[in-house]
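Here is structure-v6.pdb, consisting of PDB, C-alpha atoms, pLDDT in the B column:
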```pdb
ATOM      1  CA  MET A  57       0.000   0.000   0.000  1.00 96.00           C
ATOM      2  CA  ILE A  58       0.999   3.573  -0.701  1.00 97.00           C
ATOM      3  CA  GLU A  59      -0.046   6.169   1.881  1.00 98.00           C
ATOM      4  CA  ILE A  60      -1.260   9.388   0.290  1.00 97.00           C
ATOM      5  CA  ARG A  61      -1.350  12.644   2.263  1.00 97.00           C
ATOM      6  CA  LEU A  62      -3.193  15.562   0.695  1.00 96.00           C
ATOM      7  CA  PHE A  63      -2.877  19.139   1.938  1.00 95.00           C
ATOM      8  CA  ALA A  64      -4.786  22.426   1.716  1.00 92.00           C
ATOM      9  CA  THR A  65      -7.161  22.636  -1.258  1.00 92.00           C
ATOM     10  CA  PHE A  66      -6.292  19.090  -2.342  1.00 94.00           C
ATOM     11  CA  ARG A  67      -8.308  17.878   0.676  1.00 91.00           C
ATOM     12  CA  GLU A  68     -11.566  19.354  -0.602  1.00 90.00           C
ATOM     13  CA  ASN A  69     -14.000  16.456  -1.107  1.00 90.00           C
ATOM     14  CA  ARG A  70     -11.171  13.995  -0.507  1.00 90.00           C
ATOM     15  CA  LYS A  71      -9.688  12.215   2.483  1.00 91.00           C
ATOM     16  CA  LYS A  72      -6.811  13.838   4.345  1.00 93.00           C
ATOM     17  CA  ILE A  73      -4.959  10.516   4.339  1.00 96.00           C
ATOM     18  CA  ASP A  74      -5.778   7.755   1.879  1.00 96.00           C
ATOM     19  CA  TYR A  75      -4.235   4.506   0.701  1.00 97.00           C
ATOM     20  CA  ILE A  76      -3.771   3.108  -2.789  1.00 95.00           C
ATOM     21  CA  ASP A  77      -2.720  -0.413  -3.710  1.00 95.00           C
ATOM     22  CA  SER A  78       0.890  -0.225  -4.885  1.00 93.00           C
ATOM     23  CA  ASN A  79      -0.017  -2.316  -7.948  1.00 93.00           C
ATOM     24  CA  GLN A  80      -2.186   0.569  -9.243  1.00 92.00           C
ATOM     25  CA  VAL A  81       0.558   3.182  -9.458  1.00 94.00           C
ATOM     26  CA  GLU A  82       4.176   3.375 -10.592  1.00 96.00           C
ATOM     27  CA  LYS A  83       4.987   7.082 -10.318  1.00 97.00           C
ATOM     28  CA  ALA A  84       3.782  10.003  -8.212  1.00 96.00           C
ATOM     29  CA  LEU A  85       2.112  11.351 -11.353  1.00 97.00           C
ATOM     30  CA  ASP A  86      -0.181   8.300 -11.361  1.00 97.00           C
ATOM     31  CA  ILE A  87      -1.455   9.364  -7.931  1.00 96.00           C
ATOM     32  CA  VAL A  88      -2.082  12.917  -9.110  1.00 96.00           C
ATOM     33  CA  ASN A  89      -4.068  11.546 -12.056  1.00 96.00           C
ATOM     34  CA  TYR A  90      -5.938   9.097  -9.790  1.00 94.00           C
ATOM     35  CA  TYR A  91      -7.271  12.019  -7.734  1.00 95.00           C
ATOM     36  CA  GLY A  92      -8.007  14.161 -10.787  1.00 95.00           C
ATOM     37  CA  ILE A  93      -5.514  16.820  -9.770  1.00 96.00           C
ATOM     38  CA  ASP A  94      -3.924  18.893 -12.525  1.00 96.00           C
ATOM     39  CA  PRO A  95      -0.166  18.201 -12.360  1.00 97.00           C
ATOM     40  CA  GLU A  96       0.439  21.942 -12.864  1.00 96.00           C
ATOM     41  CA  ASP A  97      -1.347  22.529  -9.533  1.00 96.00           C
ATOM     42  CA  VAL A  98       1.161  20.453  -7.538  1.00 97.00           C
ATOM     43  CA  ALA A  99       3.735  22.789  -6.010  1.00 97.00           C
ATOM     44  CA  ILE A 100       5.432  20.232  -3.766  1.00 97.00           C
ATOM     45  CA  CYS A 101       5.619  16.467  -3.947  1.00 98.00           C
ATOM     46  CA  LEU A 102       7.290  14.578  -1.115  1.00 98.00           C
ATOM     47  CA  ILE A 103       8.075  10.880  -1.221  1.00 98.00           C
ATOM     48  CA  ASN A 104       8.986   9.571   2.221  1.00 98.00           C
ATOM     49  CA  GLY A 105       9.640  13.149   3.333  1.00 97.00           C
ATOM     50  CA  PHE A 106      12.038  14.009   0.489  1.00 98.00           C
ATOM     51  CA  HIS A 107      11.325  16.560  -2.236  1.00 97.00           C
ATOM     52  CA  SER A 108      10.571  14.594  -5.381  1.00 97.00           C
ATOM     53  CA  LYS A 109       9.362  14.971  -8.932  1.00 97.00           C
ATOM     54  CA  LEU A 110       6.014  13.665 -10.132  1.00 97.00           C
ATOM     55  CA  THR A 111       7.959  11.431 -12.516  1.00 97.00           C
ATOM     56  CA  ASP A 112       9.780   9.682  -9.656  1.00 97.00           C
ATOM     57  CA  SER A 113       8.952   6.036  -9.042  1.00 96.00           C
ATOM     58  CA  ILE A 114       7.118   4.893  -5.940  1.00 96.00           C
ATOM     59  CA  LYS A 115       6.977   1.487  -4.304  1.00 96.00           C
ATOM     60  CA  ASP A 116       5.023  -0.422  -1.716  1.00 96.00           C
ATOM     61  CA  GLY A 117       5.236   1.216   1.704  1.00 97.00           C
ATOM     62  CA  ASP A 118       6.040   4.716   0.429  1.00 97.00           C
ATOM     63  CA  VAL A 119       4.328   7.823   1.772  1.00 98.00           C
ATOM     64  CA  VAL A 120       3.482  10.466  -0.835  1.00 98.00           C
ATOM     65  CA  ALA A 121       2.486  13.991   0.225  1.00 97.00           C
ATOM     66  CA  LEU A 122       1.052  16.496  -2.245  1.00 97.00           C
ATOM     67  CA  PHE A 123       0.834  20.256  -1.686  1.00 96.00           C
ATOM     68  CA  PRO A 124      -0.759  22.947  -3.862  1.00 95.00           C
ATOM     69  CA  PRO A 125       0.796  26.427  -4.101  1.00 92.00           C
ATOM     70  CA  VAL A 126       0.316  28.260  -0.826  1.00 80.00           C
ATOM     71  CA  GLY A 127      -0.748  31.896  -0.805  1.00 66.00           C
ATOM     72  CA  GLY A 128      -1.466  34.407   1.839  1.00 59.00           C
ATOM     73  CA  GLY A 129       0.317  37.032   3.729  1.00 55.00           C
TER      74      GLY A 129
END
```
Give the structure from this file in structure tokens form.
Amino acid sequence: MIEIRLFATFRENRKKIDYIDSNQVEKALDIVNYYGIDPEDVAICLINGFHSKLTDSIKDGDVVALFPPVGGG
């Protein structure tokens, strides 16, 4: 299983933490597509706490965190 953590606006109408069978995804981009998130909207992708690219591979047991751009002041 891959643990998915969504933050800020990515949580709207979705779970804060979710799980996907590792056989369903190969790259972080597959997770973004699974949730219907536009890849251009992903500002930060962490795999196991390390800054990663959406094209990076993921494996069983990984934790993937996705963040949209953050605004405010």
(request) Please provide as a ChimeraX atom specification all residues within 9 Å of range 95-97 of chain A, with the sequence filter that same-chain residues fewer than 4 positions apart are discarded (counting all atoms listed in the file). (result) /A:85,88-89,110,123-125
(request) For the structure shown, which residues end up in the PyMOL selection byres ((chain A and resi 105) around 12)? Put them as a ChimeraX atom specification, please? (result) /A:60-61,100-104,106-108,118-122
(request) List the neighbours of Ile114 in chain A out to 7 Å using only C-alpha atoms; skip same-chain residues closer than 4 positions along the sequence, and give me the result as a list in words. (result) Glu82, Lys83, Ala84 and Asp118 of chain A
(request) Expand the PyMOL selection byres ((chain A and resi 57) around 9) into the individual residues it matches in the shown file, reporting them as a PyMOL selection string. (result) chain A and resi 58-59+75-79+115-118
Write a file of the selected residues as a PDB file, in the frame of the given file, keeping C-alpha atoms.
```
ATOM      1  CA  ILE A  58       0.999   3.573  -0.701  1.00 97.00           C
ATOM      2  CA  GLU A  59      -0.046   6.169   1.881  1.00 98.00           C
ATOM      3  CA  TYR A  75      -4.235   4.506   0.701  1.00 97.00           C
ATOM      4  CA  ILE A  76      -3.771   3.108  -2.789  1.00 95.00           C
ATOM      5  CA  ASP A  77      -2.720  -0.413  -3.710  1.00 95.00           C
ATOM      6  CA  SER A  78       0.890  -0.225  -4.885  1.00 93.00           C
ATOM      7  CA  ASN A  79      -0.017  -2.316  -7.948  1.00 93.00           C
ATOM      8  CA  LYS A 115       6.977   1.487  -4.304  1.00 96.00           C
ATOM      9  CA  ASP A 116       5.023  -0.422  -1.716  1.00 96.00           C
ATOM     10  CA  GLY A 117       5.236   1.216   1.704  1.00 97.00           C
ATOM     11  CA  ASP A 118       6.040   4.716   0.429  1.00 97.00           C
TER      12      ASP A 118
END
```
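Between CA of Val98 in chain A and CA of Thr111 in chain A the interatomic distance comes to 12.3 Å.
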Complete range 73-84 of chain A with N, CA and C atoms (output as a short mmCIF file (atom, residue, chain, number, x, y, z; two decimals), keeping the file's coordinate frame).
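The result, stored in selection-v1.cif:
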```cif
data_model
loop_
_atom_site.label_atom_id
_atom_site.label_comp_id
_atom_site.auth_asym_id
_atom_site.auth_seq_id
_atom_site.Cartn_x
_atom_site.Cartn_y
_atom_site.Cartn_z
N ILE A 73 -5.91 11.61 4.55
CA ILE A 73 -4.96 10.52 4.34
C ILE A 73 -5.71 9.38 3.68
N ASP A 74 -5.14 8.84 2.63
CA ASP A 74 -5.78 7.76 1.88
C ASP A 74 -4.71 6.72 1.54
N TYR A 75 -5.15 5.59 1.06
CA TYR A 75 -4.24 4.51 0.70
C TYR A 75 -4.60 3.97 -0.67
N ILE A 76 -3.58 3.67 -1.47
CA ILE A 76 -3.77 3.11 -2.79
C ILE A 76 -2.92 1.85 -2.87
N ASP A 77 -3.47 0.82 -3.48
CA ASP A 77 -2.72 -0.41 -3.71
C ASP A 77 -1.50 -0.09 -4.58
N SER A 78 -0.34 -0.54 -4.16
CA SER A 78 0.89 -0.22 -4.88
C SER A 78 0.91 -0.79 -6.30
N ASN A 79 0.06 -1.75 -6.60
CA ASN A 79 -0.02 -2.32 -7.95
C ASN A 79 -0.73 -1.37 -8.92
N GLN A 80 -1.43 -0.36 -8.40
CA GLN A 80 -2.19 0.57 -9.24
C GLN A 80 -1.36 1.76 -9.73
N VAL A 81 -0.23 1.99 -9.11
CA VAL A 81 0.56 3.18 -9.46
C VAL A 81 2.04 2.83 -9.56
N GLU A 82 2.73 3.56 -10.44
CA GLU A 82 4.18 3.38 -10.59
C GLU A 82 4.95 4.64 -10.25
N LYS A 83 4.33 5.79 -10.53
CA LYS A 83 4.99 7.08 -10.32
C LYS A 83 4.04 8.00 -9.54
N ALA A 84 4.60 9.04 -8.95
CA ALA A 84 3.78 10.00 -8.21
C ALA A 84 2.73 10.62 -9.13
#
```
